[in-house]
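**Student:** Sharing a structure with you now.
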Amino acid sequence: MHSTKIKEGDDREEMELNQIWRGCRKIQGAIFRYNFDICADLKQHDPCCSGFVSEPIFTAVLGKYRKVAGMSESELRDVTDYFQIRDGRVAYRQFCKVVCSETLHKTAKSDLATGLEWNDPWHVNVVPQPEDRRRLCLILLKIAQLCNIPLMPYFQDYELIAQNVGVVTVAHFSRVLHFMKIPLSESDFLLLLRRYMKDGYLVNYVAFLKHIDNIIAYLGEHHLLDNSHDIIKDFPGRLVDLELSQLPAIDGCKAVHPIFPDACSTPKKNRNQCDILFCIQNYIYKNQVRTSEFLESYDSLNVGSITKNQFERGLSNMGVGKYLTQREMSILLERYTDPVDTNRVRWRNFADEIDTVFTIKNLEKMPQCVVESPLRHIQELPRPGAVPWETVPTNIRDLCEDAMGKIRIRIRNRRLYLHPFFRSYDKLNSGHVRCNITKQIFRTNGILLSDPEQDSVLSRYGNELGFCYTKFLDDVDPAEYAMPAMVTKQELVECPPFARDNLEPEDISEEVIVRILTNAKRQAVVKSVAVMEFMKDYDRHREGEILESDFKRALDNSSVIITEEEANILCNIFRSPNRVSCVRYRDFCKALDEIFIQLDTNLGDQIVTAVPLLHLPNLDCVDCFLSFDERTICSQALMKLARKPDEISNLSQVFKDFDREQCGSITQNQFLRGITVRDMHVMLSSREFQAICKCFGVKKGMCMEFNYREFLKILDVLFSTGQMKRNY
């Protein structure tokens, strides 16, 4: 490479020429593939043709092609620093000679294979440490012994999709090794990446497979392997073997805590009352223990208190006593001491307070109360084996926050959804996976963290069950875009008053009294209710008067619904002159009976004639209204069906079988099935059938039903009077 003279003491002496040459090669490959003129872009900013431009201009021009060339920011900075002179300017003309001189001699007639001739197909990185190089050789040797099947087809399948030449992503590289049952620990895998990483995010699998093939060929030529693909034992210069572990080097999440302490078994010093109760509630909820069953057997008289020794014995039977020291037991006894007898303990108060982790006592008296089970402070208690994050050193916490920030950026940029990856390994739905599975998921999704960063994340979310991925995903990726938003529970709102409800007191006028009586009469007619039968039971001595409270109660029992204000107005109108608290119910019932009978006194004062009045309540609805044409069609259809009345066809028995509730109505489908059984459906067309169903329809609830009793009565009347159609 043509370069400027480096003076003594220049900082550029520390630069690695291999890194600078690699960055220039990337720019050359991009110029060759896409045929853009980077030299012309730089000459536009040098009108005096001095051969120098400022550093920001040079960086801006190269930055425009950085992503196309696959350069990292560090490589761009190294190239800029290399061609920079003392006064801060950059010698772009020398840069162009290095980058563009070879492309000027290329002709269009030259044969092109892939367009990537400027890239080195055997690109590998230098591993400077001798110990790492030796370990890398041992790793490649062990992989060569395990590879009984060629690995090239698995990587070439990826190339057919990604259109890459000799490189794959880190996730696919890890996936192929895992599929081929090649176990690698975390440090070994990262060492392979250091060796074969290319362009900062790809792996040169061609060089990797070439090295594996060379090792296999060497071992085969020198007969260093036996039939089981192991190094021969009688080889005097036998290689040092390297055992690759199936599991990570650290089994579990807490290497520094091989024994996972329980929150109760190894408590913190000087716990207060709240800490003791939380420990007991956590144990009770986790083991589903009924507290009262262990203590009520000591309370034979059911007074709610037992002796202190009995209380301690009950806690020991529950399994909680072994977690409490003598000092903590005395604090618990002091809290529930009986104020009447200081030698006894009120165990019912203790049981009620502990059982709040499940529910609240007397919940049936509080219908609007929302119960949270388990309680919030029980849910947030650290699991056994988890390290208290407040006691962790500050540098580890800062390292964990940096790692979490990297993971968030990776998830946001790549639109990763990690929930299915963790759930596929969580067969028991416990919210935990093994720590080596967590590292594998990170590698699969391209989340590359250093060992200290991974250890800090695992120490924060790890416990005796493994890695708590539910809390981890809540902090890193809530995934609100992929999970349905839960609707919060709405608060209970009182029903607004209806418009017809007049909350203001009404003036007792003749119009108001007539309206109240008319409303009561209408309800009595529609419901066919005899109000007298409900009121006379309260008049034991047949005096014609009952108490005001009994009068209102009788109205409610008779289904005559009126408001409290209207009931008070009726009581004031029909109040007894002899007893202020009584009501003359017979006068009220006589006023209601005017809708059923009419008193005729025209023949004289001595003779009173009761003329009955026939009131037919209108049970029809808007959907049952028939037009003139529909009435004509319905009458002709009924005349046809009158040839087979109930006494001939016995339709009533068929309809009664469908009418299990004996309410006098059935569905239209059941009506059609009934007349089909008696072969009467052939007499009707579809229009005639719809007209009959509409004529005898009764609306019940939200659906229409057929009144078969009225239908059968009409057929009997038409048959008896001879109004039937004989020829049709």
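Chains: A, B, ... in order of the structure tokens. Residues: from 1 per chain. Ligands: from 1, in order shown.
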I'd like the contact shell of Asp716 (chain A) - 9 Å cut-off, only C-alpha atoms, skipping same-chain residues fewer than 5 positions apart - returned as a list of chain:residue names.
**Tutor:**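 What passes the distance filter is A:Ala642, A:Pro645, A:Asp646, A:Glu647, A:Phe711, A:Thr721.
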**Student:** Please provide as a list of chain:residue names all residues within 12 Å of His432 (chain A), with the sequence filter that same-chain residues fewer than 6 positions apart are discarded (counting only C-alpha atoms).
**Tutor:**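 My list of contacting residues is A:Gly252, A:Cys253, A:Arg383, A:His419, A:Phe422, A:Arg423, A:Ser424, A:Tyr425, A:Asp426, A:Thr438, A:Leu458, A:Tyr461, A:Gly462, A:Asn463, A:Glu464, A:Leu465, A:Gly466, A:Phe467, A:Cys468, A:Tyr469, A:Thr470, A:Lys471, A:Phe472, A:Leu473.
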**Student:** Once you have the residues from the selection above, write them out as a PDB file, in the first residue's frame, restricted to C-alpha atoms.
**Tutor:**
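Output saved as out30.pdb:
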```
ATOM      1  CA  GLY A 252     -27.404 -22.706  37.164  1.00  0.00           C
ATOM      2  CA  CYS A 253     -27.708 -18.986  37.502  1.00  0.00           C
ATOM      3  CA  ARG A 383     -37.688 -16.138  45.249  1.00  0.00           C
ATOM      4  CA  HIS A 419     -41.813 -14.460  24.173  1.00  0.00           C
ATOM      5  CA  PHE A 422     -38.823 -18.709  26.088  1.00  0.00           C
ATOM      6  CA  ARG A 423     -42.277 -20.309  26.179  1.00  0.00           C
ATOM      7  CA  SER A 424     -41.198 -23.150  23.913  1.00  0.00           C
ATOM      8  CA  TYR A 425     -38.701 -24.250  26.618  1.00  0.00           C
ATOM      9  CA  ASP A 426     -41.070 -23.586  29.549  1.00  0.00           C
ATOM     10  CA  THR A 438     -31.276 -18.119  27.990  1.00  0.00           C
ATOM     11  CA  LEU A 458     -28.495 -13.728  35.027  1.00  0.00           C
ATOM     12  CA  TYR A 461     -33.232 -12.398  37.165  1.00  0.00           C
ATOM     13  CA  GLY A 462     -31.903 -15.765  38.341  1.00  0.00           C
ATOM     14  CA  ASN A 463     -33.064 -17.871  41.270  1.00  0.00           C
ATOM     15  CA  GLU A 464     -33.257 -21.523  42.253  1.00  0.00           C
ATOM     16  CA  LEU A 465     -35.735 -22.296  39.449  1.00  0.00           C
ATOM     17  CA  GLY A 466     -33.551 -20.761  36.754  1.00  0.00           C
ATOM     18  CA  PHE A 467     -33.905 -17.578  34.749  1.00  0.00           C
ATOM     19  CA  CYS A 468     -37.166 -15.675  35.405  1.00  0.00           C
ATOM     20  CA  TYR A 469     -37.907 -14.634  31.843  1.00  0.00           C
ATOM     21  CA  THR A 470     -41.317 -13.140  32.634  1.00  0.00           C
ATOM     22  CA  LYS A 471     -39.830 -10.314  34.714  1.00  0.00           C
ATOM     23  CA  PHE A 472     -36.982  -9.964  32.236  1.00  0.00           C
ATOM     24  CA  LEU A 473     -39.357  -9.488  29.297  1.00  0.00           C
TER      25      LEU A 473
END
```
**Student:** Neighbouring residues of Leu193 (chain A) were defined as those with any atom within 12 Å, considering only C-alpha atoms; residues of the same chain fewer than 2 positions away were excluded. Please report them as number ranges by chain.
**Tutor:** A: 124-127, 136, 168-171, 173-174, 186-191, 195-205, 208, 443, 448
**Student:** Interatomic distance between CA of Tyr585 (chain A) and CA of Glu543 (chain A)?
**Tutor:**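 Answer for the CA of Tyr585 (chain A) to CA of Glu543 (chain A) separation: 9.9 Å.
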**Student:** One number please: CA of Val370 (chain A) to CA of Asp474 (chain A), in Å, one decimal.
**Tutor:** 24.4 Å
**Student:** Do you know which residues are at most 7 Å from Met318 (chain A) counting only C-alpha atoms, after dropping those on the same chain fewer than 3 positions away, and could you put them as a list in words?
**Tutor:**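 Near neighbours after the sequence-gap exclusion: Phe294, Gly314 and Leu315 of chain A.
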**Student:** Would you please work out which residue, of A:Met639, A:Ile360, A:Ala567, A:Leu146, is nearest to Asp550 (chain A) when using only C-alpha atoms?
**Tutor:**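 Smallest separation from Asp550 (chain A) among the options: A:Ala567.
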**Student:** Just the residues within 9 Å of Ile714 (chain A), please, counting only C-alpha atoms, with nothing from its chain fewer than 4 positions along; format it as a PyMOL selection string.
**Tutor:** chain A and resi 638+642+709-710+718-719
**Student:** I need the chosen residues saved as a short mmCIF file (atom, residue, chain, number, x, y, z; two decimals), in the first residue's frame, with C-alpha atoms.
**Tutor:**
```
data_model
loop_
_atom_site.label_atom_id
_atom_site.label_comp_id
_atom_site.auth_asym_id
_atom_site.auth_seq_id
_atom_site.Cartn_x
_atom_site.Cartn_y
_atom_site.Cartn_z
CA LEU A 638 -107.70 -21.27 7.99
CA ALA A 642 -110.70 -26.29 9.16
CA ARG A 709 -104.59 -22.67 21.66
CA GLU A 710 -106.21 -19.76 19.83
CA LEU A 718 -114.89 -22.69 11.51
CA PHE A 719 -115.64 -26.43 11.46
#
```
**Student:** Of the residues A:Asn214, A:Ser635, A:Thr394, A:Ser459, which is the one nearest to Cys695 (chain A), using only C-alpha atoms?
**Tutor:**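 Among A:Asn214, A:Ser635, A:Thr394, A:Ser459, it is A:Ser635 that comes nearest to Cys695 (chain A).
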**Student:** Counting only C-alpha atoms, what is within 10 Å of Ser74 (chain A), bar same-chain residues fewer than 6 positions away, as a ChimeraX atom specification?
**Tutor:** /A:19,23,80
**Student:** Quote the spacing between CA of Pro56 (chain A) and CA of Arg22 (chain A) in Å to one decimal place.
**Tutor:**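 Distance between the two atoms: 21.9 Å.
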**Student:** Find, counting only C-alpha atoms, the residue in A:Ser576, A:Ser528, A:Gln288, A:Ser686 that gets nearest to Gly544 (chain A).
**Tutor:**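 Distance minimum relative to Gly544 (chain A) lands on A:Ser576.
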